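Text of query30.txt (compact mmCIF, C-alpha atoms) as supplied:
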```txt
# COMPACT_ATOMS: atom_id res chain seq x y z
CA MET A 263 2.85 101.81 198.17
CA ASN A 264 0.42 103.14 200.75
CA THR A 265 2.90 102.29 203.50
CA LEU A 266 5.66 104.27 201.75
CA LYS A 267 3.34 107.24 201.29
CA TYR A 268 2.39 107.11 204.98
CA TYR A 269 6.03 107.26 206.14
CA THR A 270 6.81 110.10 203.70
CA VAL A 271 3.99 112.24 205.09
CA TYR A 272 4.93 111.33 208.66
CA GLN A 273 8.55 112.39 208.05
CA ARG A 274 7.47 115.75 206.64
CA VAL A 275 5.21 116.40 209.62
CA LEU A 276 8.05 115.71 212.06
CA THR A 277 10.37 117.99 210.09
CA GLY A 278 7.82 120.78 210.21
CA ILE A 279 7.36 120.42 213.95
CA PHE A 280 11.13 120.54 214.52
CA ALA A 281 11.59 123.64 212.36
CA THR A 282 8.70 125.39 214.08
CA ALA A 283 10.18 124.64 217.50
CA LEU A 284 13.44 126.28 216.46
CA LEU A 285 12.04 129.35 214.77
CA CYS A 286 8.88 130.12 216.74
CA ALA A 287 9.52 132.28 219.78
CA THR A 288 6.42 131.10 221.57
CA THR A 289 7.94 127.69 222.29
CA ALA A 290 10.58 129.41 224.41
CA GLN A 291 8.10 130.17 227.15
CA ALA A 292 7.84 126.47 227.93
CA MET A 293 11.60 125.90 227.95
CA PRO A 294 12.96 124.53 231.26
CA GLY A 295 14.97 127.01 233.33
CA MET A 296 13.32 130.13 231.91
CA THR A 297 12.02 132.61 234.48
CA ALA A 298 8.43 133.75 234.63
CA THR A 299 9.42 137.26 233.56
CA GLU A 300 11.23 136.03 230.43
CA ALA A 301 8.31 133.83 229.45
CA GLU A 302 5.92 136.74 229.93
CA VAL A 303 7.98 139.03 227.68
CA ILE A 304 8.28 136.41 224.92
CA SER A 305 4.60 135.52 225.09
CA THR A 306 3.60 139.16 224.82
CA SER A 307 5.99 139.85 221.91
CA SER A 308 4.56 136.89 220.00
CA GLY A 309 1.08 138.35 220.07
CA GLN A 310 -0.35 136.31 222.93
CA LEU A 311 -1.75 137.98 226.01
CA ALA A 312 0.18 136.71 229.03
CA GLU A 313 -1.30 136.64 232.49
CA PRO A 314 0.35 139.33 234.64
CA SER A 315 2.80 137.92 237.19
CA PRO A 316 1.42 138.12 240.74
CA LEU A 317 4.86 139.37 241.84
CA ALA A 318 5.12 142.15 239.25
CA GLU A 319 3.95 144.71 241.82
CA TYR A 320 7.21 144.20 243.73
CA ALA A 321 9.44 145.04 240.74
CA PRO A 322 9.40 148.82 241.56
CA LEU A 323 10.48 148.04 245.14
CA TYR A 324 13.40 145.98 243.85
CA ARG A 325 14.45 148.73 241.43
CA GLN A 326 14.23 151.41 244.13
CA HIS A 327 15.93 149.60 247.00
CA CYS A 328 17.95 146.68 245.61
CA SER A 329 19.06 147.18 242.00
CA ALA A 330 21.63 149.88 242.86
CA CYS A 331 23.79 147.12 244.37
CA HIS A 332 22.46 143.84 242.98
CA GLY A 333 21.92 145.12 239.42
CA ASP A 334 18.84 145.44 237.23
CA LYS A 335 19.14 141.75 236.29
CA GLY A 336 19.97 140.46 239.76
CA ASP A 337 23.45 139.42 238.64
CA GLY A 338 25.36 141.87 240.83
CA LYS A 339 26.62 143.77 237.76
CA SER A 340 25.90 147.23 239.06
CA ARG A 341 27.99 150.33 239.49
CA ALA A 342 28.55 149.25 243.08
CA GLN A 343 30.05 145.85 242.29
CA HIS A 344 33.68 147.05 242.28
CA GLY A 345 33.25 149.47 245.17
CA LEU A 346 31.75 147.12 247.76
CA ARG A 347 33.73 144.60 249.79
CA PRO A 348 32.42 141.94 249.69
CA ALA A 349 30.68 142.39 246.36
CA PRO A 350 26.85 142.27 246.19
CA ARG A 351 25.25 138.85 245.81
CA ASN A 352 24.74 137.53 242.28
CA PHE A 353 21.34 135.83 242.45
CA THR A 354 21.71 134.14 239.05
CA THR A 355 24.49 131.73 240.04
CA ALA A 356 24.15 128.06 240.94
CA ALA A 357 25.65 128.86 244.36
CA ALA A 358 22.86 131.33 245.10
CA TRP A 359 20.24 128.72 244.19
CA GLN A 360 21.84 126.15 246.48
CA GLU A 361 22.67 128.42 249.44
CA LEU A 362 19.81 130.91 249.63
CA SER A 363 16.63 129.50 251.05
CA ARG A 364 13.56 131.72 251.17
CA GLU A 365 13.80 131.95 254.95
CA ARG A 366 17.45 132.99 254.85
CA MET A 367 16.74 135.70 252.27
CA ILE A 368 13.85 137.12 254.30
CA THR A 369 16.08 137.21 257.38
CA SER A 370 18.88 138.96 255.43
CA VAL A 371 16.56 141.60 254.00
CA THR A 372 14.93 142.17 257.38
CA PHE A 373 18.02 142.39 259.59
CA GLY A 374 20.91 142.84 257.13
CA ARG A 375 24.10 140.79 256.81
CA PRO A 376 26.96 141.37 259.29
CA ASN A 377 30.32 142.45 257.84
CA THR A 378 28.75 143.42 254.51
CA ALA A 379 27.09 146.50 253.04
CA MET A 380 23.71 144.74 253.23
CA VAL A 381 21.65 146.72 255.74
CA GLY A 382 18.40 145.70 257.40
CA TRP A 383 15.23 147.00 255.76
CA GLN A 384 13.03 146.45 258.79
CA GLY A 385 11.29 149.72 259.55
CA ARG A 386 11.32 150.83 255.91
CA LEU A 387 9.56 147.82 254.40
CA ASP A 388 6.82 145.87 256.14
CA GLU A 389 6.79 142.08 256.38
CA SER A 390 4.61 141.58 253.31
CA GLN A 391 6.83 143.86 251.19
CA ILE A 392 9.99 142.07 252.30
CA ALA A 393 8.46 138.68 251.52
CA GLY A 394 7.20 139.99 248.17
CA VAL A 395 10.61 141.36 247.13
CA VAL A 396 12.29 138.09 248.13
CA ASP A 397 9.78 136.06 246.11
CA TYR A 398 10.23 138.44 243.17
CA VAL A 399 14.00 137.90 243.27
CA ARG A 400 13.62 134.15 243.54
CA SER A 401 11.14 133.86 240.66
CA THR A 402 12.80 136.40 238.35
CA PHE A 403 16.54 135.87 238.80
CA MET A 404 17.17 132.55 240.55
CA ARG A 405 16.89 129.24 238.70
CA ASP A 406 17.65 125.59 239.25
CA PRO A 407 21.08 124.98 237.61
CA ALA A 408 19.97 121.55 236.41
CA LEU A 409 17.07 123.05 234.46
CA ALA A 410 19.26 125.90 233.24
CA ASP A 411 21.79 123.43 231.81
CA GLU A 412 19.01 121.56 230.03
CA ALA A 413 17.69 124.81 228.55
CA GLY A 414 21.21 125.77 227.46
CA ALA A 415 21.65 122.47 225.66
CA ASN A 416 18.36 122.99 223.82
CA LEU A 417 19.34 126.50 222.78
CA ALA A 418 22.81 125.41 221.66
CA ALA A 419 21.35 123.28 218.87
CA SER A 420 19.29 126.15 217.45
CA SER A 421 22.15 128.64 217.92
CA SER A 422 24.52 126.48 215.87
CA LEU A 423 22.06 126.48 212.98
CA LEU A 424 21.47 130.23 213.14
CA ALA A 425 25.21 130.90 213.28
CA LEU A 426 25.62 129.48 209.77
CA SER A 427 23.63 132.35 208.30
CA THR A 428 24.89 135.11 210.64
CA PRO A 429 27.53 137.40 209.09
CA VAL A 430 30.68 137.90 211.12
CA SER A 431 31.33 141.53 212.03
CA SER A 432 34.75 142.84 211.11
CA GLY A 433 34.75 144.96 214.29
CA ARG A 434 36.25 148.39 214.94
CA SER A 435 39.93 149.22 214.96
CA GLY A 436 41.76 149.72 218.23
CA ARG A 437 42.37 153.35 217.34
CA THR A 438 38.66 153.98 216.81
CA ILE A 439 37.71 152.32 220.10
CA TYR A 440 40.41 154.20 221.99
CA LYS A 441 39.44 157.57 220.54
CA ARG A 442 35.79 157.07 221.43
CA HIS A 443 36.08 155.54 224.91
CA CYS A 444 39.56 156.19 226.33
CA SER A 445 41.10 159.40 224.98
CA ALA A 446 38.88 161.69 227.08
CA CYS A 447 40.83 160.64 230.19
CA HIS A 448 44.07 159.09 228.90
CA GLY A 449 44.62 161.70 226.17
CA ASP A 450 44.99 161.42 222.41
CA LYS A 451 48.65 160.46 222.84
CA GLY A 452 48.13 158.08 225.77
CA ASN A 453 49.94 160.29 228.27
CA GLY A 454 46.86 161.68 230.04
CA ALA A 455 44.47 164.44 229.05
CA THR A 456 45.31 167.88 230.42
CA TRP A 457 42.23 168.24 232.62
CA THR A 458 42.48 164.75 234.11
CA LYS A 459 46.05 165.17 235.35
CA ASN A 460 44.89 167.77 237.86
CA GLY A 461 41.21 166.91 238.13
CA LEU A 462 41.27 163.19 238.98
CA SER A 463 42.90 161.55 241.99
CA PRO A 464 44.68 159.35 241.19
CA PRO A 465 45.19 160.66 237.65
CA PRO A 466 44.67 158.31 234.69
CA ARG A 467 47.55 156.06 233.67
CA ASP A 468 50.27 157.53 231.45
CA PHE A 469 50.83 154.71 228.99
CA THR A 470 53.96 156.34 227.55
CA SER A 471 55.90 156.17 230.82
CA ALA A 472 58.61 153.64 231.60
CA GLU A 473 56.60 152.61 234.66
CA ALA A 474 53.64 151.59 232.49
CA ARG A 475 55.85 149.45 230.25
CA GLU A 476 57.42 147.78 233.29
CA TYR A 477 54.31 146.94 235.31
CA LEU A 478 51.34 146.73 232.94
CA THR A 479 51.02 143.22 231.58
CA ARG A 480 48.57 142.49 228.80
CA GLU A 481 46.43 140.36 231.14
CA ARG A 482 46.26 143.10 233.77
CA MET A 483 45.20 145.69 231.21
CA ILE A 484 42.48 143.45 229.81
CA THR A 485 41.20 142.88 233.35
CA SER A 486 41.25 146.61 234.13
CA VAL A 487 39.34 147.56 230.98
CA THR A 488 36.83 144.77 231.56
CA TYR A 489 36.13 145.28 235.27
CA GLY A 490 37.47 148.76 236.04
CA ARG A 491 39.93 149.72 238.80
CA THR A 492 38.69 150.05 242.36
CA GLY A 493 39.53 153.36 244.01
CA THR A 494 39.99 155.18 240.69
CA ALA A 495 37.81 156.79 238.04
CA MET A 496 38.47 153.83 235.72
CA MET A 497 35.08 152.23 235.13
CA PRO A 498 34.29 148.78 233.69
CA PHE A 499 33.68 148.57 229.94
CA SER A 500 32.37 145.01 229.79
CA SER A 501 28.83 146.28 229.15
CA ARG A 502 29.88 148.56 226.29
CA LEU A 503 32.68 146.66 224.55
CA SER A 504 32.84 143.03 223.52
CA ALA A 505 35.69 140.81 224.69
CA ASP A 506 37.32 141.06 221.25
CA GLU A 507 37.05 144.87 221.26
CA ILE A 508 38.67 145.05 224.70
CA VAL A 509 41.59 142.92 223.51
CA THR A 510 41.85 145.05 220.36
CA VAL A 511 42.06 148.36 222.21
CA VAL A 512 44.54 146.96 224.75
CA ASP A 513 46.82 145.76 221.95
CA TYR A 514 46.50 149.16 220.28
CA ILE A 515 47.60 150.90 223.49
CA ARG A 516 50.51 148.52 223.98
CA GLY A 517 51.68 148.94 220.40
CA ASP A 518 51.16 152.67 219.82
CA PHE A 519 51.78 154.19 223.25
CA MET A 520 53.71 151.69 225.35
CA ARG A 521 55.93 150.50 222.47
CA VAL A 522 56.02 146.95 223.84
CA ALA A 523 58.45 144.71 221.96
CA GLY A 524 56.72 142.40 219.54
CA VAL A 525 53.52 144.48 219.29
CA ALA A 526 53.15 146.29 215.99
CA ALA A 527 52.11 149.92 215.99
CA THR A 528 49.03 151.00 214.08
CA THR A 529 49.49 151.91 210.44
CA ASP A 530 45.90 152.94 209.81
CA ALA A 531 45.71 155.00 206.63
CA THR A 532 42.26 156.37 207.43
CA LEU A 533 43.38 158.99 209.93
CA ASP A 534 41.33 162.10 210.58
CA GLN A 535 42.58 165.19 208.75
CA ASP A 536 42.29 167.21 211.97
CA ASP A 537 44.67 164.78 213.71
CA ILE A 538 47.20 165.02 210.90
CA ALA A 539 47.05 168.81 210.89
CA ALA A 540 47.57 168.98 214.64
CA ASN A 541 50.34 166.36 214.67
CA PRO A 542 52.55 165.90 211.56
CA HIS A 543 53.60 162.47 212.81
CA ALA A 544 49.99 161.24 213.12
CA ALA A 545 50.11 159.71 209.64
CA ALA A 546 52.94 157.50 210.88
CA PRO A 547 52.28 156.79 214.55
CA HIS A 548 55.30 154.46 214.73
CA ILE A 549 57.60 157.50 214.34
CA ARG A 550 57.65 159.46 217.57
CA ASN A 551 59.67 160.39 220.66
CA HIS A 552 59.53 158.14 223.71
CA PRO A 553 60.14 158.94 227.36
CA GLY A 554 63.51 157.81 228.67
CA GLY A 555 65.57 159.19 225.78
CA GLU A 556 65.14 156.70 222.94
CA THR A 557 63.88 157.82 219.53
CA THR A 558 62.68 156.02 216.45
CA GLN A 559 63.46 156.55 212.79
CA GLY A 560 62.73 160.07 211.59
CA ALA A 561 61.97 161.45 215.05
CA THR A 562 63.53 164.65 216.38
CA PRO A 563 66.21 163.88 219.01
CA LEU A 564 65.33 164.80 222.60
CA THR A 565 66.93 167.84 224.13
CA ALA A 566 69.23 167.76 227.15
CA ASP A 567 66.42 168.92 229.41
CA GLN A 568 64.24 166.08 228.22
CA HIS A 569 67.00 163.58 229.06
CA GLN A 570 67.19 164.63 232.71
CA ALA A 571 64.63 162.16 234.12
CA PRO A 572 61.79 159.94 232.99
CA ALA A 573 58.32 161.46 233.22
CA SER A 574 57.37 159.07 236.02
CA HIS A 575 60.20 160.46 238.24
CA LYS A 576 59.35 164.14 237.82
CA ARG A 577 57.85 166.03 240.73
CA PRO A 578 54.05 166.01 240.40
CA PRO A 579 52.37 169.36 239.81
CA PRO A 580 50.85 171.09 242.85
CA PRO A 581 47.20 170.30 243.51
CA PRO A 582 44.83 172.70 241.80
CA SER A 583 43.33 175.45 243.90
CA LEU A 584 39.73 174.99 244.90
CA VAL A 585 37.43 176.74 242.45
CA GLU A 586 34.28 177.73 244.28
CA SER A 587 30.92 177.31 242.58
CA ASP A 588 28.13 179.84 242.48
CA MET A 589 26.06 178.64 245.42
CA THR A 590 23.14 180.93 244.54
CA LEU A 591 22.22 178.98 241.39
CA GLN A 592 18.76 177.45 241.45
CA LEU A 593 17.57 174.01 240.37
CA PRO A 594 17.47 173.28 236.62
CA HIS A 595 14.25 173.21 234.58
CA GLY A 596 12.66 175.78 236.91
CA LEU A 597 12.07 173.13 239.56
CA VAL A 598 11.45 173.98 243.21
CA GLY A 599 12.38 171.28 245.70
CA ASP A 600 10.28 170.18 248.67
CA VAL A 601 12.59 169.75 251.67
CA ALA A 602 10.14 167.57 253.63
CA ALA A 603 9.65 165.14 250.74
CA GLY A 604 13.39 165.07 250.10
CA ARG A 605 14.13 164.32 253.75
CA GLU A 606 11.73 161.36 253.69
CA PHE A 607 13.47 159.81 250.67
CA TYR A 608 16.99 160.55 251.95
CA MET A 609 16.31 158.93 255.31
CA ALA A 610 14.83 155.87 253.61
CA ASN A 611 17.56 155.38 251.00
CA CYS A 612 20.59 157.68 251.11
CA PHE A 613 21.60 157.71 254.78
CA THR A 614 22.90 154.13 254.55
CA CYS A 615 25.92 155.49 252.66
CA HIS A 616 26.05 159.24 253.40
CA GLY A 617 24.95 159.01 257.04
CA VAL A 618 22.03 160.53 258.90
CA ARG A 619 24.06 163.71 259.43
CA GLY A 620 25.43 163.82 255.88
CA ASP A 621 28.98 163.20 257.09
CA GLY A 622 29.60 160.10 254.94
CA HIS A 623 29.45 157.72 257.93
CA GLY A 624 26.44 155.62 257.02
CA PRO A 625 26.18 151.95 258.03
CA ARG A 626 27.47 150.89 254.60
CA SER A 627 30.32 153.38 254.37
CA SER A 628 33.08 151.18 255.78
CA PHE A 629 32.48 148.63 252.99
CA ILE A 630 32.58 151.18 250.15
CA THR A 631 35.56 152.28 248.04
CA PRO A 632 35.88 155.19 247.44
CA ARG A 633 34.09 156.38 250.56
CA PRO A 634 30.72 158.14 250.26
CA ARG A 635 30.64 161.92 249.94
CA ASN A 636 30.89 163.93 253.15
CA PHE A 637 28.46 166.79 252.58
CA LEU A 638 29.84 168.66 255.61
CA GLY A 639 33.39 169.00 254.24
CA GLU A 640 34.80 172.26 252.96
CA ARG A 641 35.06 171.11 249.34
CA ALA A 642 31.45 169.94 249.30
CA ARG A 643 30.18 173.16 250.86
CA LYS A 644 32.01 175.27 248.28
CA THR A 645 31.36 173.24 245.12
CA LEU A 646 28.12 171.28 245.49
CA ASN A 647 25.49 173.79 244.51
CA ARG A 648 21.97 172.81 243.52
CA PRO A 649 22.74 172.04 239.82
CA ALA A 650 25.78 169.91 240.75
CA LEU A 651 23.80 167.90 243.30
CA PHE A 652 20.91 167.45 240.87
CA ARG A 653 23.24 166.08 238.16
CA ALA A 654 25.00 163.71 240.57
CA ILE A 655 21.74 162.30 241.95
CA ALA A 656 20.17 161.93 238.51
CA ALA A 657 23.14 160.46 236.60
CA GLY A 658 25.25 158.90 239.36
CA LEU A 659 29.02 159.19 239.60
CA PRO A 660 31.25 156.94 237.43
CA GLY A 661 33.94 155.15 239.40
CA THR A 662 31.85 155.13 242.58
CA VAL A 663 28.87 153.18 243.94
CA MET A 664 26.62 156.23 243.54
CA PRO A 665 23.82 154.97 241.26
CA SER A 666 21.73 156.85 238.73
CA TRP A 667 18.49 157.63 240.52
CA SER A 668 16.84 158.87 237.32
CA LYS A 669 15.85 155.24 236.72
CA VAL A 670 13.68 155.37 239.84
CA LEU A 671 12.84 159.03 240.49
CA ASN A 672 11.32 161.72 238.29
CA ASN A 673 12.81 165.22 238.05
CA GLN A 674 10.62 166.62 240.83
CA GLU A 675 11.60 163.87 243.25
CA ILE A 676 15.29 164.39 242.41
CA ALA A 677 14.78 168.12 243.03
CA ASP A 678 13.26 167.33 246.45
CA VAL A 679 16.29 165.27 247.53
CA THR A 680 18.63 167.93 246.14
CA GLU A 681 16.96 170.71 248.11
CA PHE A 682 17.02 168.70 251.34
CA VAL A 683 20.74 167.90 251.02
CA PHE A 684 21.59 171.46 250.00
CA GLN A 685 19.69 173.20 252.79
CA THR A 686 20.35 170.67 255.57
CA PHE A 687 24.01 169.76 254.99
CA ILE A 688 25.68 172.03 252.44
CA GLN A 689 24.40 175.29 253.92
CA HIS A 690 24.49 174.39 257.61
CA LYS A 691 26.46 176.82 259.81
CA LYS A 692 28.67 174.37 261.73
CA LYS A 693 26.21 173.94 264.54
CA ALA A 694 23.97 171.14 265.68
CA LEU A 695 21.48 170.31 262.99
CA PRO A 696 17.84 170.66 263.99
CA ALA A 697 16.26 167.44 265.22
CA SER A 698 13.39 167.90 262.78
CA ALA A 699 15.82 167.66 259.87
CA LEU A 700 17.31 164.37 261.03
CA THR A 701 14.22 162.53 262.26
CA THR A 702 14.08 159.09 260.76
CA GLU A 703 12.31 155.84 261.47
CA SER A 704 15.51 153.91 260.71
CA PRO A 705 16.78 151.65 263.53
CA VAL A 706 20.30 152.97 262.92
CA ALA A 707 21.35 155.49 265.55
CA PRO A 708 22.05 158.99 264.15
CA GLY A 709 25.70 159.68 263.56
CA LYS A 710 26.83 156.09 264.18
CA PRO A 711 28.84 154.47 261.35
```

Let me see the structure of the file written as C-alpha cells.
Amino acid sequence: MNTLKYYTVYQRVLTGIFATALLCATTAQAMPGMTATEAEVISTSSGQLAEPSPLAEYAPLYRQHCSACHGDKGDGKSRAQHGLRPAPRNFTTAAAWQELSRERMITSVTFGRPNTAMVGWQGRLDESQIAGVVDYVRSTFMRDPALADEAGANLAASSSLLALSTPVSSGRSGRTIYKRHCSACHGDKGNGATWTKNGLSPPPRDFTSAEAREYLTRERMITSVTYGRTGTAMMPFSSRLSADEIVTVVDYIRGDFMRVAGVAATTDATLDQDDIAANPHAAAPHIRNHPGGETTQGATPLTADQHQAPASHKRPPPPPSLVESDMTLQLPHGLVGDVAAGREFYMANCFTCHGVRGDGHGPRSSFITPRPRNFLGERARKTLNRPALFRAIAAGLPGTVMPSWSKVLNNQEIADVTEFVFQTFIQHKKKALPASALTTESPVAPGKP
C-alpha cells in the first residue's frame, strides 16, 4: 500500500514538472540554441532581473551601420535585400555558422568584400568597435545548427499541444487584401491607378491586359508578391501578409482581373456602397468588358474603336513634364539643420551609395538596383527641396535600398543631413565643390566609383 502511494505521488510530481516546463517562459532561457539576447528578453519579461549582456553596447553600432543591409534580425531581410547583387549575408543560416569564423568576419568588416556591396569600415570604426560588432553579431544572430535543431524539436512538442486550443483564423478575402495593399498602385480595376501610369517607371502591371494573362503564371505572381520585383516599385509583402493571404490575393487577381480559365471570379456580397455607386457592375464583378474584344454575359459590347488593338499594343503616353518644387521651403517642424554635423554623418554613412560628390557613384553603387540617387542631376535639383529630402531620409524609399534612418537618427540629426545635401549638392552652381565640403576620413578616393 505504501509502495503504491509512493509511485502515485512520484507520478504526479513528474507530471507537474513537465507541465511547468511547457508553460513557464523562464525555462526557455536555458533551451539549447537560444541566443543571449533572446534569453535576456524572456528572463526580464518573466520578472527576473537578467544580467546585461557585455555586448549590448555594440547594438547601436550594428543598427546604425549594418542593419540597413543585413536586417534588424541579422537575417538579411532588409529593404536592400532585393536591390543588392549579391544579396547581404544572412547570419542566421547554418552556412553562415560553418563558413564565417571570427577572424574572417573581422577582416570583412575592416577591409570589405571584393565584388560585393560590403565596404571596409576601417577609418570609421576602430579595432575594438569592429571586434565588438562582430562579436555582437555572432552572439545575437549566429547559432550552432545542431543546437538549433535540438531546440526546435523541444519546441515542436509544446507547439503541438498549444495548437489544439488555438482557434484557426478564417482570414481576409482576396478583395479586402487587394483593396488595402494593392489598389493604390494597380488600381481598383487592376489596370493601374491613374497617377502610377505616369509617375512610376516602369508602371505597375496591368492585370487586365492580354500580356498579363499570357506571361504571368500563378507561381511567378506569388513569388513577386512575396519577394517584390527588383528594378521596380513593387516591394515585398512577406512581412505584412501571411503565405495564405498572398495566395488568396493572387487568386483574386487572376480570377477577377486576368480572367484566367478555371479560376472563379469573386462573388462577395459585402461590397462597399461607394464601389457600387461608382461602378454599377461592382455587385457582379464577373460581368465586365475585357481587353481584346471579348465580353461576358450582360456586358455592353465594345465599340469599333475599342476593337482596334489590345491595350498592351497601344502607344504609351508621353512622359509627364517635370513639375518643379518650391525650393525655398524650409525644414519641417521648424528645424534648422547644421551643415557641419550633416557632412560628418554623410561622409561616414551615405557616401558609400551616393558618392563623395553626391553623383550616385559611391563604392556600393555598381551593386545596387535601382542605382542610388544622383543629387547633381537636373531632376534632383528641381524637385528635391528640404521637405522632400527630409521625408526620404526619415522614411526611406520603397522599392530601393534606401533605408529608413528614423530608426537610428532623431529629427535634428535628419535635419542636419538634409541641410548638408541640399546646400552642398542640390544648390551647387555646376562648379567644383569646395574641398571643405567634401573632406572625409574615408579611404575611398573622392569621385571614384

**Request:** State, in Å with one decimal place, the distance from CA of Ala656 (chain A) to CA of Val683 (chain A).
**Result:**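 Between CA of Ala656 (chain A) and CA of Val683 (chain A) the gap works out to 13.9 Å.
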
**Prompt:** Interatomic distance between CA of Ala356 (chain A) and CA of Arg491 (chain A)?
**Reply:**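 Here the two named atoms are 26.9 Å from each other.
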
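By all atoms listed in the file, and with residues fewer than 4 positions from region 585-598 of chain A along its chain excluded, the set lying at most 6 Å from it is A:Lys644, A:Thr645, A:Asn647, A:Arg648, A:Pro649.
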
**Asked** Which one is closest to Ser435 (chain A): A:Asn352, A:Thr510, A:Gln343, A:Thr488? Count all atoms listed in the file.
**Response**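 Between A:Asn352, A:Thr510, A:Gln343, A:Thr488, the residue approaching Ser435 (chain A) most closely is A:Thr510.
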
Could you work out an axis-aligned bounding box for all listed atoms of region 490-509 of chain A, with 6 Å added on each of the six sides, and give its centre and edge lengths in Å to one decimal, as AutoDock Vina command-line options?
```
--center_x 35.2 --center_y 148.8 --center_z 232.6 --size_x 24.8 --size_y 28.0 --size_z 34.8
```

**Message:** Between CA of Ala610 (chain A) and CA of Trp383 (chain A), what distance in Å does the model show, to one decimal?
**Reply:**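 Separation of CA of Ala610 (chain A) and CA of Trp383 (chain A): 9.1 Å.
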
**Prompt:** Using only C-alpha atoms, which of the listed residues (A:Val601, A:Cys444, A:Ala642, A:Val670) sits closest to Arg325 (chain A)?
**Reply:**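 The shortest atom-to-atom distance to Arg325 (chain A) comes from A:Val670.
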
**Request:** Write out as a PyMOL selection string each polymer residue whose atoms come within 6 Å of region 456-460 of chain A, counting all atoms listed in the file; drop sequence neighbours fewer than 2 positions from it.
**Result:** chain A and resi 447+462+465

**Request:** Pick out the residues sitting within 12 Å of Thr369 (chain A), and hand them over as a ChimeraX atom specification; count all atoms listed in the file, and ignore anything fewer than 5 positions along from it in its own chain.
**Result:** /A:362-364,374-376,380-384,389,392-393,396

**Request:** For Asp600 (chain A), work out the shell of residues within 8 Å, counting only C-alpha atoms and skipping chain neighbours fewer than 6 positions away, then give it as a count of residues only.
**Result:** 5

**Message:** Please determine, counting all atoms listed in the file, which residue among A:Phe652, A:Phe607, A:Tyr477, A:Trp359 has the shortest atom-to-atom distance to Phe684 (chain A).
**Reply:**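 Looking at the shortest contact to Phe684 (chain A), the residue is A:Phe652.
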
**Prompt:** Between A:Glu640, A:Tyr489, A:Ala357, A:Phe403, which one has atoms that come closest to His332 (chain A), using only C-alpha atoms?
**Reply:** A:Phe403

**Message:** Residues within 9 Å of Ile515 (chain A), please, as a PyMOL selection string. Count all atoms listed in the file; anything in the same chain fewer than 4 positions from it doesn't count.
**Reply:** chain A and resi 436-437+440+452+469+510-511+519-521+527

Only C-alpha atoms, please: the residues just picked out, written as a compact mmCIF listing (two decimals), in the frame of the given file.
```txt
# COMPACT_ATOMS: atom_id res chain seq x y z
CA GLY A 436 41.76 149.72 218.23
CA ARG A 437 42.37 153.35 217.34
CA TYR A 440 40.41 154.20 221.99
CA GLY A 452 48.13 158.08 225.77
CA PHE A 469 50.83 154.71 228.99
CA THR A 510 41.85 145.05 220.36
CA VAL A 511 42.06 148.36 222.21
CA PHE A 519 51.78 154.19 223.25
CA MET A 520 53.71 151.69 225.35
CA ARG A 521 55.93 150.50 222.47
CA ALA A 527 52.11 149.92 215.99
```

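With only C-alpha atoms as the atoms that count, the minimum distance from Thr631 (chain A) to the choices A:Thr662, A:Ala602, A:Ala523, A:Val395 is reached by A:Thr662.
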